[in-house]
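Trainee: This is work-v5.tsv, which holds TSV, C-alpha atoms:
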chain	number	residue	atom	x	y	z
A	166	MET	CA	104.03	113.98	80.36
A	167	GLU	CA	107.46	114.65	81.92
A	168	SER	CA	109.89	111.73	81.57
A	169	ARG	CA	111.26	110.22	84.77
A	170	PHE	CA	114.17	108.61	82.90
A	171	SER	CA	117.53	109.94	81.73
A	172	ARG	CA	120.39	108.60	79.62
A	173	LEU	CA	123.28	107.42	81.78
A	174	ASP	CA	125.81	109.83	80.27
A	175	ARG	CA	123.52	112.81	80.84
A	176	PHE	CA	122.68	111.64	84.37
A	177	ILE	CA	126.36	111.36	85.37
A	178	SER	CA	127.19	114.70	83.76
A	179	VAL	CA	124.38	116.47	85.64
A	180	HIS	CA	125.32	114.91	89.00
A	181	THR	CA	129.11	115.23	88.77
A	182	GLY	CA	129.95	117.93	86.25
A	183	ILE	CA	131.90	115.43	84.16
A	184	LYS	CA	131.51	116.09	80.44
A	185	ARG	CA	129.21	113.65	78.68
A	186	LYS	CA	131.89	112.71	76.15
A	187	ASP	CA	134.15	111.60	79.04
A	188	VAL	CA	131.56	109.26	80.57
A	189	ARG	CA	132.35	106.52	78.04
A	190	LEU	CA	135.86	106.19	79.53
A	191	LEU	CA	134.41	105.84	83.03
A	192	LEU	CA	132.28	102.96	81.81
A	193	ALA	CA	135.21	101.29	80.03
A	194	GLN	CA	137.16	101.45	83.29
A	195	GLY	CA	134.29	99.76	85.17
A	196	ARG	CA	133.89	102.70	87.51
A	197	VAL	CA	130.10	103.04	87.16
A	198	GLN	CA	127.50	100.65	88.55
A	199	VAL	CA	123.76	100.80	87.98
A	200	ASP	CA	121.61	98.64	90.25
A	201	GLY	CA	124.63	96.64	91.32
A	202	VAL	CA	125.85	95.83	87.80
A	203	PRO	CA	128.83	97.47	86.02
A	204	ALA	CA	127.41	99.77	83.33
A	205	THR	CA	128.76	99.54	79.78
A	206	ASP	CA	126.22	101.53	77.72
A	207	ILE	CA	126.11	105.33	77.86
A	208	GLN	CA	122.52	105.16	76.55
A	209	LEU	CA	121.36	103.04	79.49
A	210	SER	CA	118.10	104.44	80.87
A	211	VAL	CA	118.33	105.63	84.47
A	212	GLY	CA	115.03	105.79	86.35
A	213	GLU	CA	114.16	107.72	89.49
A	214	PHE	CA	114.73	104.60	91.61
A	215	SER	CA	117.84	103.30	89.85
A	216	GLN	CA	120.84	103.01	92.16
A	217	VAL	CA	123.86	104.67	90.54
A	218	LEU	CA	127.41	104.51	91.93
A	219	LEU	CA	130.60	106.13	90.63
A	220	ASP	CA	133.83	104.81	92.17
A	221	GLY	CA	131.70	103.37	94.97
A	222	GLN	CA	130.15	106.73	95.79
A	223	VAL	CA	126.35	106.94	95.63
A	224	LEU	CA	125.00	109.36	93.04
A	225	GLN	CA	121.40	108.19	93.48
A	226	ALA	CA	119.74	105.61	95.71
A	227	ASN	CA	116.11	106.63	96.03
A	228	THR	CA	113.71	104.16	97.62
A	229	PRO	CA	110.13	104.01	96.36
A	230	ARG	CA	107.63	104.70	99.15
A	231	TYR	CA	103.93	103.85	99.27
A	232	VAL	CA	101.90	105.01	102.27
A	233	MET	CA	98.32	104.42	103.39
A	234	LEU	CA	96.84	107.19	105.54
A	235	HIS	CA	93.51	107.34	107.37
A	236	LYS	CA	92.67	110.95	106.55
A	237	PRO	CA	90.56	112.75	109.15
A	238	VAL	CA	87.98	115.42	108.41
A	239	GLY	CA	89.44	118.93	108.61
A	240	VAL	CA	92.85	118.08	107.15
A	241	VAL	CA	93.62	119.24	103.63
A	242	SER	CA	94.97	116.94	100.91
A	243	ALA	CA	97.99	119.05	100.04
A	244	THR	CA	101.71	119.09	100.69
A	245	LYS	CA	101.58	122.70	101.95
A	246	ASP	CA	98.78	125.00	103.05
A	247	ASP	CA	98.85	128.35	104.86
A	248	GLU	CA	95.46	127.88	106.51
A	249	HIS	CA	94.91	124.21	107.33
A	250	ARG	CA	96.89	121.27	108.61
A	251	THR	CA	97.95	119.03	105.72
A	252	VAL	CA	98.15	115.27	105.37
A	253	ILE	CA	101.95	115.61	105.16
A	254	ASP	CA	101.89	117.18	108.63
A	255	LEU	CA	100.32	113.96	109.97
A	256	LEU	CA	103.23	111.75	108.86
A	257	GLN	CA	106.16	110.95	111.12
A	258	ALA	CA	108.52	109.46	108.52
A	259	ASP	CA	111.67	111.42	107.70
A	260	TYR	CA	110.97	111.00	103.98
A	261	ARG	CA	107.54	112.61	104.17
A	262	GLU	CA	108.58	115.76	102.26
A	263	SER	CA	109.33	113.64	99.18
A	264	LEU	CA	105.77	112.30	98.97
A	265	HIS	CA	102.83	113.46	96.89
A	266	ILE	CA	99.16	112.49	97.01
A	267	ALA	CA	97.68	109.87	94.70
A	268	GLY	CA	94.01	110.88	94.55
A	269	ARG	CA	92.90	113.66	96.87
A	270	LEU	CA	90.03	113.87	99.33
A	271	ASP	CA	88.50	117.25	100.10
A	272	LEU	CA	88.72	118.99	103.47
A	273	ASN	CA	85.46	117.59	104.83
A	274	SER	CA	85.98	114.02	103.58
A	275	SER	CA	87.76	111.21	105.39
A	276	GLY	CA	89.18	107.77	104.74
A	277	LEU	CA	91.79	106.05	102.63
A	278	LEU	CA	94.44	108.30	101.14
A	279	LEU	CA	97.57	107.10	99.34
A	280	LEU	CA	100.87	108.96	99.24
A	281	THR	CA	103.99	108.06	97.29
A	282	ASN	CA	107.19	109.35	95.73
A	283	ASP	CA	106.61	107.16	92.67
A	284	GLY	CA	105.07	109.41	90.02
A	285	ARG	CA	104.57	106.63	87.51
A	286	TRP	CA	102.60	104.55	90.04
A	287	SER	CA	100.37	107.44	91.11
A	288	ARG	CA	99.65	108.46	87.51
A	289	GLY	CA	98.63	104.89	86.76
A	290	LEU	CA	96.13	104.96	89.63
A	291	SER	CA	94.72	108.35	88.64
A	292	ALA	CA	94.56	107.92	84.86
A	293	PRO	CA	90.95	108.13	83.58
A	294	ASP	CA	91.30	104.81	81.74
A	295	SER	CA	92.94	102.93	84.61
A	296	GLY	CA	89.61	101.40	85.64
A	297	VAL	CA	90.65	101.45	89.32
A	298	CYS	CA	87.48	101.60	91.45
A	299	LYS	CA	87.15	103.88	94.46
A	300	ARG	CA	84.56	102.92	97.05
A	301	TYR	CA	82.91	105.45	99.39
A	302	ARG	CA	80.45	105.39	102.27
A	303	VAL	CA	78.13	108.39	101.98
A	304	THR	CA	75.75	109.75	104.60
A	305	LEU	CA	72.89	111.90	103.23
A	306	ALA	CA	70.53	114.44	104.72
A	307	ASN	CA	67.43	112.86	103.16
A	308	PRO	CA	66.20	109.29	102.58
A	309	LEU	CA	67.33	107.31	99.51
A	310	ASP	CA	65.23	105.27	97.10
A	311	GLU	CA	65.74	102.99	94.09
A	312	GLU	CA	65.67	105.93	91.67
A	313	TYR	CA	69.19	106.87	92.78
A	314	ILE	CA	70.60	103.49	91.75
A	315	GLN	CA	69.53	103.81	88.13
A	316	ALA	CA	70.55	107.46	87.87
A	317	PHE	CA	74.08	106.68	89.06
A	318	ALA	CA	74.31	103.66	86.75
A	319	ASP	CA	73.22	105.75	83.75
A	320	GLY	CA	75.75	108.53	84.41
A	321	MET	CA	74.93	112.20	84.79
A	322	TYR	CA	75.58	115.09	82.43
A	323	PHE	CA	77.50	118.00	83.97
A	324	ASP	CA	76.78	121.04	81.87
A	325	TYR	CA	79.68	123.11	83.22
A	326	GLU	CA	82.29	120.67	81.88
A	327	GLY	CA	80.12	119.37	79.07
A	328	ILE	CA	80.71	115.76	80.13
A	329	THR	CA	78.65	112.76	81.22
A	330	THR	CA	79.98	110.83	84.20
A	331	ARG	CA	80.88	107.21	83.76
A	332	PRO	CA	78.45	104.63	85.17
A	333	ALA	CA	78.74	104.49	88.96
A	334	GLY	CA	77.56	101.87	91.41
A	335	LEU	CA	75.25	102.79	94.25
A	336	ARG	CA	74.12	100.41	96.99
A	337	ILE	CA	71.67	101.54	99.67
A	338	LEU	CA	72.98	100.48	103.09
A	339	ASP	CA	70.47	102.30	105.26
A	340	THR	CA	67.75	104.92	104.90
A	341	ARG	CA	70.27	107.73	104.51
A	342	VAL	CA	73.50	105.81	103.92
A	343	ALA	CA	74.83	104.57	100.57
A	344	GLU	CA	77.93	102.90	99.22
A	345	VAL	CA	79.13	104.52	95.99
A	346	THR	CA	81.72	103.04	93.62
A	347	LEU	CA	83.41	105.23	91.00
A	348	THR	CA	86.01	104.62	88.32
A	349	GLU	CA	86.71	108.34	87.93
A	350	GLY	CA	87.10	111.25	90.29
A	351	ARG	CA	85.77	114.51	88.95
A	352	TYR	CA	85.60	117.65	91.08
A	353	HIS	CA	83.21	117.03	94.00
A	354	GLN	CA	81.61	114.36	91.83
A	355	ILE	CA	79.70	112.46	94.51
A	356	LYS	CA	78.32	115.62	96.13
A	357	ARG	CA	77.26	116.96	92.74
A	358	MET	CA	75.56	113.69	91.76
A	359	PHE	CA	73.52	113.62	94.95
A	360	GLY	CA	72.91	117.32	94.41
A	361	ARG	CA	70.77	116.37	91.40
A	362	PHE	CA	68.35	114.94	93.94
A	363	ARG	CA	68.75	117.96	96.20
A	364	ASN	CA	70.09	115.62	98.85
A	365	PRO	CA	73.09	117.15	100.67
A	366	VAL	CA	76.03	114.92	101.59
A	367	LEU	CA	76.66	115.06	105.33
A	368	ALA	CA	79.68	112.73	105.43
A	369	LEU	CA	81.92	111.17	102.79
A	370	HIS	CA	84.39	108.42	103.68
A	371	ARG	CA	86.60	106.55	101.19
A	372	CYS	CA	86.74	102.90	102.18
A	373	ALA	CA	88.78	101.34	99.40
A	374	ILE	CA	90.83	101.91	96.25
A	375	GLY	CA	90.78	98.87	93.99
A	376	ASN	CA	91.15	95.84	96.26
A	377	LEU	CA	92.97	97.88	98.89
A	378	VAL	CA	90.72	98.48	101.90
A	379	LEU	CA	91.54	101.04	104.57
A	380	ASP	CA	93.28	99.21	107.41
A	381	ALA	CA	90.78	98.93	110.25
A	382	GLU	CA	93.61	99.27	112.80
A	383	LEU	CA	94.50	102.77	111.62
A	384	GLU	CA	92.87	105.51	113.65
A	385	PRO	CA	92.17	108.86	111.93
A	386	GLY	CA	95.51	110.53	111.32
A	387	GLN	CA	97.52	107.31	111.47
A	388	SER	CA	99.40	105.76	108.56
A	389	ARG	CA	101.52	102.79	107.51
A	390	GLU	CA	103.54	101.74	104.49
A	391	LEU	CA	101.88	99.41	101.99
A	392	THR	CA	103.15	95.87	101.73
A	393	ALA	CA	104.84	94.74	98.51
A	394	ALA	CA	101.76	92.66	97.70
A	395	GLU	CA	99.44	95.66	98.13
A	396	VAL	CA	101.62	97.81	95.87
A	397	ALA	CA	101.73	95.10	93.20
A	398	ASP	CA	97.96	94.59	93.34
A	399	LEU	CA	97.28	98.28	92.78
A	400	SER	CA	99.84	98.35	89.99
A	401	GLY	CA	97.67	95.94	87.99
Would you write out, as structure tokens, the structure that this file holds?
Mentor:
Amino acid sequence: MESRFSRLDRFISVHTGIKRKDVRLLLAQGRVQVDGVPATDIQLSVGEFSQVLLDGQVLQANTPRYVMLHKPVGVVSATKDDEHRTVIDLLQADYRESLHIAGRLDLNSSGLLLLTNDGRWSRGLSAPDSGVCKRYRVTLANPLDEEYIQAFADGMYFDYEGITTRPAGLRILDTRVAEVTLTEGRYHQIKRMFGRFRNPVLALHRCAIGNLVLDAELEPGQSRELTAAEVADLSG
């Protein structure tokens, strides 16, 4: 996994052209500040959101961003696409080009999508062992019965990958509507699981990630930044 941290002497050298061996003098003269504190250690770890100043001039002052988007059907979960409108195209913020997607939804799915510029945070959400639940509302072509519940709870073997899915929750909401809860997100997993019953998925909508529920005030295509409490809750 690529490190998001750099030693202070290397960071300053890369951003200013000053030789690494000369950075020690800058520190001794009190000319470098990291996160508002005079830096004294050339081995200090600089992260992607550390504020670094040299002689009062900003070398780095990135702000972490965390965005909730109500993804509509027909928009692709990508930063760029030659054929379809992307979720980035829906955002109005001037920092939108710095964002990436934390857990995609396919073209014909809708609902809660998270975007961020914080790679560590998004990897934590997406890691297979994170245990973060994703909840979906699924509309099917054919009626459901109790057999589905046990099959989802047992997990299903996918021969192509040679894996068995983790236990998933399924709650029948209506004759052809179910709520599905996953702790993983394999390729078209929900559609493939219902495919075992030859029951096509007509609509797939992500309602929640962990305890974060899609804001009911957001219309399809609208977004807002997460609150500090929401970010902390998803961070575990």
Trainee: So that I can check the surroundings of range 244-250 of chain A, please list as a count of residues only every protein, DNA and RNA residue that reaches within 10 Å of it, counting only C-alpha atoms and ignoring chain neighbours fewer than 2 positions away.
Mentor: 15
Trainee: Quick check, in Å to one decimal: how far apart do CA of Leu347 in chain A and CA of Ser295 in chain A lie?
Mentor: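 Going from CA of Leu347 in chain A over to CA of Ser295 in chain A covers 11.7 Å.
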Trainee: Quick one: everything within 10 Å of Phe323 in chain A, counting only C-alpha atoms, minus sequence neighbours fewer than 3 positions away in the same chain. Send it as a tab-separated table (two decimals) with C-alpha atoms, keeping the file's coordinate frame.
Mentor:
chain	number	residue	atom	x	y	z
A	320	GLY	CA	75.75	108.53	84.41
A	326	GLU	CA	82.29	120.67	81.88
A	327	GLY	CA	80.12	119.37	79.07
A	328	ILE	CA	80.71	115.76	80.13
A	329	THR	CA	78.65	112.76	81.22
A	330	THR	CA	79.98	110.83	84.20
A	354	GLN	CA	81.61	114.36	91.83
A	357	ARG	CA	77.26	116.96	92.74
A	358	MET	CA	75.56	113.69	91.76
Trainee: Nearest to His235 in chain A: which of A:Leu279, A:Leu309, A:Leu290, A:Leu399 is it, counting all atoms listed in the file?
Mentor: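 Closest to His235 in chain A of all the choices is A:Leu279.
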Trainee: Quick one: residues within 9 Å of Asp174 in chain A, all atoms listed in the file counted, chain neighbours fewer than 5 positions away excluded, as a count of residues only?
Mentor: 11
Trainee: Applying 6 Å and only C-alpha atoms, which residues near Thr346 in chain A remain after dropping the ones on its own chain fewer than 5 positions away? List them as an NGL selection string.
Mentor: :A and (299-300 or 333-334)
Trainee: Could you please take those selected residues and save C-alpha atoms as an mmCIF file, keeping the file's coordinate frame?
Mentor:
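Output (out-v3.cif):
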data_model
loop_
_atom_site.group_PDB
_atom_site.id
_atom_site.type_symbol
_atom_site.label_atom_id
_atom_site.label_comp_id
_atom_site.auth_asym_id
_atom_site.auth_seq_id
_atom_site.Cartn_x
_atom_site.Cartn_y
_atom_site.Cartn_z
ATOM 1 C CA LYS A 299 87.150 103.880 94.460
ATOM 2 C CA ARG A 300 84.560 102.920 97.050
ATOM 3 C CA ALA A 333 78.740 104.490 88.960
ATOM 4 C CA GLY A 334 77.560 101.870 91.410
#
Trainee: So how far away is CA of Glu312 in chain A from CA of Gly276 in chain A, in Å?
Mentor: 27.0 Å
Trainee: List as a PyMOL selection string the protein and nucleic acid residues near Glu382 in chain A, meaning an atom at most 12 Å away when all atoms listed in the file are counted, but skip any in the same chain fewer than 5 places from it.
Mentor: chain A and resi 233-235+387-389
Trainee: Using all atoms listed in the file, can you tell me which of A:His180, A:Arg288, A:Arg302, A:Arg196 comes closest to Leu367 in chain A?
Mentor: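 Nearest to Leu367 in chain A: A:Arg302.
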Trainee: Could you tell me how far CA of Gln315 in chain A sits from CA of Leu270 in chain A, in Å to one decimal place?
Mentor: 25.4 Å
Trainee: With only C-alpha atoms counted, which protein, DNA or RNA residues have an atom no more than 12 Å from (117.8, 102.5, 82.6) in the file frame? Please answer as a PDB file with C-alpha atoms, in the frame of the given file.
Mentor:
ATOM      1  CA  ARG A 169     111.260 110.220  84.770  1.00  0.00           C
ATOM      2  CA  PHE A 170     114.170 108.610  82.900  1.00  0.00           C
ATOM      3  CA  SER A 171     117.530 109.940  81.730  1.00  0.00           C
ATOM      4  CA  ARG A 172     120.390 108.600  79.620  1.00  0.00           C
ATOM      5  CA  LEU A 173     123.280 107.420  81.780  1.00  0.00           C
ATOM      6  CA  ASP A 174     125.810 109.830  80.270  1.00  0.00           C
ATOM      7  CA  ARG A 175     123.520 112.810  80.840  1.00  0.00           C
ATOM      8  CA  PHE A 176     122.680 111.640  84.370  1.00  0.00           C
ATOM      9  CA  GLN A 198     127.500 100.650  88.550  1.00  0.00           C
ATOM     10  CA  VAL A 199     123.760 100.800  87.980  1.00  0.00           C
ATOM     11  CA  ASP A 200     121.610  98.640  90.250  1.00  0.00           C
ATOM     12  CA  VAL A 202     125.850  95.830  87.800  1.00  0.00           C
ATOM     13  CA  ALA A 204     127.410  99.770  83.330  1.00  0.00           C
ATOM     14  CA  THR A 205     128.760  99.540  79.780  1.00  0.00           C
ATOM     15  CA  ASP A 206     126.220 101.530  77.720  1.00  0.00           C
ATOM     16  CA  ILE A 207     126.110 105.330  77.860  1.00  0.00           C
ATOM     17  CA  GLN A 208     122.520 105.160  76.550  1.00  0.00           C
ATOM     18  CA  LEU A 209     121.360 103.040  79.490  1.00  0.00           C
ATOM     19  CA  SER A 210     118.100 104.440  80.870  1.00  0.00           C
ATOM     20  CA  VAL A 211     118.330 105.630  84.470  1.00  0.00           C
ATOM     21  CA  GLY A 212     115.030 105.790  86.350  1.00  0.00           C
ATOM     22  CA  GLU A 213     114.160 107.720  89.490  1.00  0.00           C
ATOM     23  CA  PHE A 214     114.730 104.600  91.610  1.00  0.00           C
ATOM     24  CA  SER A 215     117.840 103.300  89.850  1.00  0.00           C
ATOM     25  CA  GLN A 216     120.840 103.010  92.160  1.00  0.00           C
ATOM     26  CA  VAL A 217     123.860 104.670  90.540  1.00  0.00           C
TER      27      VAL A 217
END
Trainee: May I ask which of the residues A:Ile374, A:Met321, A:Leu305, A:Leu335 is the closest one to Arg351 in chain A, counting all atoms listed in the file?
Mentor: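 Going through A:Ile374, A:Met321, A:Leu305, A:Leu335 one by one, the smallest distance to Arg351 in chain A is for A:Met321.
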Trainee: For Thr228 in chain A, which residue out of A:Phe359, A:Leu338, A:Asp283, A:Ala373 is the nearest one, using all atoms listed in the file?
Mentor: A:Asp283
Trainee: Ranking A:Leu256, A:Ile177, A:Val197, A:Val303 by minimum distance to Cys372 in chain A and counting only C-alpha atoms, which one comes first?
Mentor: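 The answer is A:Val303, which sits nearest to Cys372 in chain A.
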Trainee: Find the residue from A:Cys298, A:Val342, A:Ala381, A:Ala306 that sits nearest to Gly360 in chain A; use only C-alpha atoms when measuring.
Mentor: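 Smallest distance to Gly360 in chain A is found for A:Ala306.
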Trainee: Output file request: range 201-239 of chain A, with N, CA and C atoms, as an mmCIF file, in the first residue's frame.
Mentor:
data_model
loop_
_atom_site.group_PDB
_atom_site.id
_atom_site.type_symbol
_atom_site.label_atom_id
_atom_site.label_comp_id
_atom_site.auth_asym_id
_atom_site.auth_seq_id
_atom_site.Cartn_x
_atom_site.Cartn_y
_atom_site.Cartn_z
ATOM 1 N N GLY A 201 1.250 24.410 12.920
ATOM 2 C CA GLY A 201 1.293 25.537 13.845
ATOM 3 C C GLY A 201 2.374 25.495 14.894
ATOM 4 N N VAL A 202 3.237 24.470 14.853
ATOM 5 C CA VAL A 202 4.293 24.307 15.863
ATOM 6 C C VAL A 202 5.650 24.320 15.167
ATOM 7 N N PRO A 203 6.644 25.078 15.705
ATOM 8 C CA PRO A 203 7.975 25.056 15.108
ATOM 9 C C PRO A 203 8.526 23.632 15.074
ATOM 10 N N ALA A 204 9.001 23.208 13.928
ATOM 11 C CA ALA A 204 9.523 21.844 13.764
ATOM 12 C C ALA A 204 11.002 21.804 14.135
ATOM 13 N N THR A 205 11.396 20.736 14.833
ATOM 14 C CA THR A 205 12.795 20.591 15.253
ATOM 15 C C THR A 205 13.417 19.269 14.805
ATOM 16 N N ASP A 206 12.609 18.361 14.265
ATOM 17 C CA ASP A 206 13.082 17.012 13.927
ATOM 18 C C ASP A 206 12.946 16.770 12.433
ATOM 19 N N ILE A 207 14.065 16.542 11.747
ATOM 20 C CA ILE A 207 13.997 16.324 10.303
ATOM 21 C C ILE A 207 13.265 15.032 9.953
ATOM 22 N N GLN A 208 13.130 14.118 10.924
ATOM 23 C CA GLN A 208 12.443 12.851 10.687
ATOM 24 C C GLN A 208 10.946 12.924 10.991
ATOM 25 N N LEU A 209 10.474 14.115 11.343
ATOM 26 C CA LEU A 209 9.051 14.282 11.620
ATOM 27 C C LEU A 209 8.227 13.794 10.431
ATOM 28 N N SER A 210 7.172 13.053 10.703
ATOM 29 C CA SER A 210 6.324 12.502 9.644
ATOM 30 C C SER A 210 5.291 13.536 9.199
ATOM 31 N N VAL A 211 5.293 13.829 7.905
ATOM 32 C CA VAL A 211 4.353 14.786 7.326
ATOM 33 C C VAL A 211 3.275 14.012 6.578
ATOM 34 N N GLY A 212 2.027 14.187 6.983
ATOM 35 C CA GLY A 212 0.905 13.524 6.339
ATOM 36 C C GLY A 212 0.283 14.389 5.259
ATOM 37 N N GLU A 213 -0.667 13.819 4.542
ATOM 38 C CA GLU A 213 -1.269 14.554 3.422
ATOM 39 C C GLU A 213 -2.100 15.743 3.876
ATOM 40 N N PHE A 214 -2.468 15.791 5.171
ATOM 41 C CA PHE A 214 -3.240 16.924 5.676
ATOM 42 C C PHE A 214 -2.470 17.727 6.727
ATOM 43 N N SER A 215 -1.163 17.489 6.811
ATOM 44 C CA SER A 215 -0.323 18.324 7.673
ATOM 45 C C SER A 215 -0.172 19.701 7.023
ATOM 46 N N GLN A 216 -0.252 20.749 7.852
ATOM 47 C CA GLN A 216 0.015 22.099 7.346
ATOM 48 C C GLN A 216 1.497 22.396 7.533
ATOM 49 N N VAL A 217 2.184 22.735 6.463
ATOM 50 C CA VAL A 217 3.623 22.978 6.518
ATOM 51 C C VAL A 217 3.918 24.378 5.985
ATOM 52 N N LEU A 218 4.632 25.180 6.796
ATOM 53 C CA LEU A 218 5.001 26.532 6.416
ATOM 54 C C LEU A 218 6.516 26.689 6.484
ATOM 55 N N LEU A 219 7.083 27.393 5.527
ATOM 56 C CA LEU A 219 8.495 27.754 5.522
ATOM 57 C C LEU A 219 8.565 29.271 5.388
ATOM 58 N N ASP A 220 9.149 29.918 6.406
ATOM 59 C CA ASP A 220 9.226 31.383 6.438
ATOM 60 C C ASP A 220 7.849 32.016 6.234
ATOM 61 N N GLY A 221 6.829 31.362 6.804
ATOM 62 C CA GLY A 221 5.473 31.885 6.722
ATOM 63 C C GLY A 221 4.751 31.583 5.434
ATOM 64 N N GLN A 222 5.454 31.001 4.467
ATOM 65 C CA GLN A 222 4.835 30.648 3.189
ATOM 66 C C GLN A 222 4.309 29.213 3.252
ATOM 67 N N VAL A 223 3.108 29.010 2.753
ATOM 68 C CA VAL A 223 2.464 27.698 2.822
ATOM 69 C C VAL A 223 3.051 26.759 1.778
ATOM 70 N N LEU A 224 3.583 25.632 2.248
ATOM 71 C CA LEU A 224 4.030 24.574 1.340
ATOM 72 C C LEU A 224 2.922 23.540 1.137
ATOM 73 N N GLN A 225 2.114 23.336 2.168
ATOM 74 C CA GLN A 225 0.980 22.407 2.075
ATOM 75 C C GLN A 225 -0.053 22.782 3.125
ATOM 76 N N ALA A 226 -1.298 22.819 2.711
ATOM 77 C CA ALA A 226 -2.397 23.096 3.644
ATOM 78 C C ALA A 226 -3.675 22.442 3.134
ATOM 79 N N ASN A 227 -3.586 21.144 2.864
ATOM 80 C CA ASN A 227 -4.757 20.423 2.359
ATOM 81 C C ASN A 227 -5.802 20.255 3.454
ATOM 82 N N THR A 228 -7.054 20.344 3.068
ATOM 83 C CA THR A 228 -8.164 20.135 4.001
ATOM 84 C C THR A 228 -8.854 18.819 3.669
ATOM 85 N N PRO A 229 -9.019 17.934 4.649
ATOM 86 C CA PRO A 229 -9.746 16.695 4.355
ATOM 87 C C PRO A 229 -11.211 16.984 4.046
ATOM 88 N N ARG A 230 -11.740 16.318 3.041
ATOM 89 C CA ARG A 230 -13.129 16.523 2.612
ATOM 90 C C ARG A 230 -13.860 15.190 2.619
ATOM 91 N N TYR A 231 -15.104 15.222 3.082
ATOM 92 C CA TYR A 231 -15.929 14.021 3.146
ATOM 93 C C TYR A 231 -17.334 14.414 2.681
ATOM 94 N N VAL A 232 -17.770 13.815 1.580
ATOM 95 C CA VAL A 232 -19.011 14.244 0.930
ATOM 96 C C VAL A 232 -19.985 13.084 0.795
ATOM 97 N N MET A 233 -21.241 13.359 1.116
ATOM 98 C CA MET A 233 -22.346 12.421 0.888
ATOM 99 C C MET A 233 -23.085 12.862 -0.367
ATOM 100 N N LEU A 234 -23.295 11.928 -1.284
ATOM 101 C CA LEU A 234 -24.015 12.214 -2.527
ATOM 102 C C LEU A 234 -25.175 11.247 -2.679
ATOM 103 N N HIS A 235 -26.320 11.767 -3.100
ATOM 104 C CA HIS A 235 -27.451 10.909 -3.481
ATOM 105 C C HIS A 235 -27.284 10.608 -4.973
ATOM 106 N N LYS A 236 -26.689 9.448 -5.265
ATOM 107 C CA LYS A 236 -26.409 9.084 -6.652
ATOM 108 C C LYS A 236 -27.683 8.695 -7.382
ATOM 109 N N PRO A 237 -27.933 9.293 -8.537
ATOM 110 C CA PRO A 237 -29.082 8.877 -9.348
ATOM 111 C C PRO A 237 -28.719 7.699 -10.249
ATOM 112 N N VAL A 238 -29.725 7.015 -10.728
ATOM 113 C CA VAL A 238 -29.538 5.999 -11.760
ATOM 114 C C VAL A 238 -29.049 6.687 -13.036
ATOM 115 N N GLY A 239 -28.144 6.023 -13.775
ATOM 116 C CA GLY A 239 -27.683 6.559 -15.041
ATOM 117 C C GLY A 239 -26.432 7.402 -14.960
#
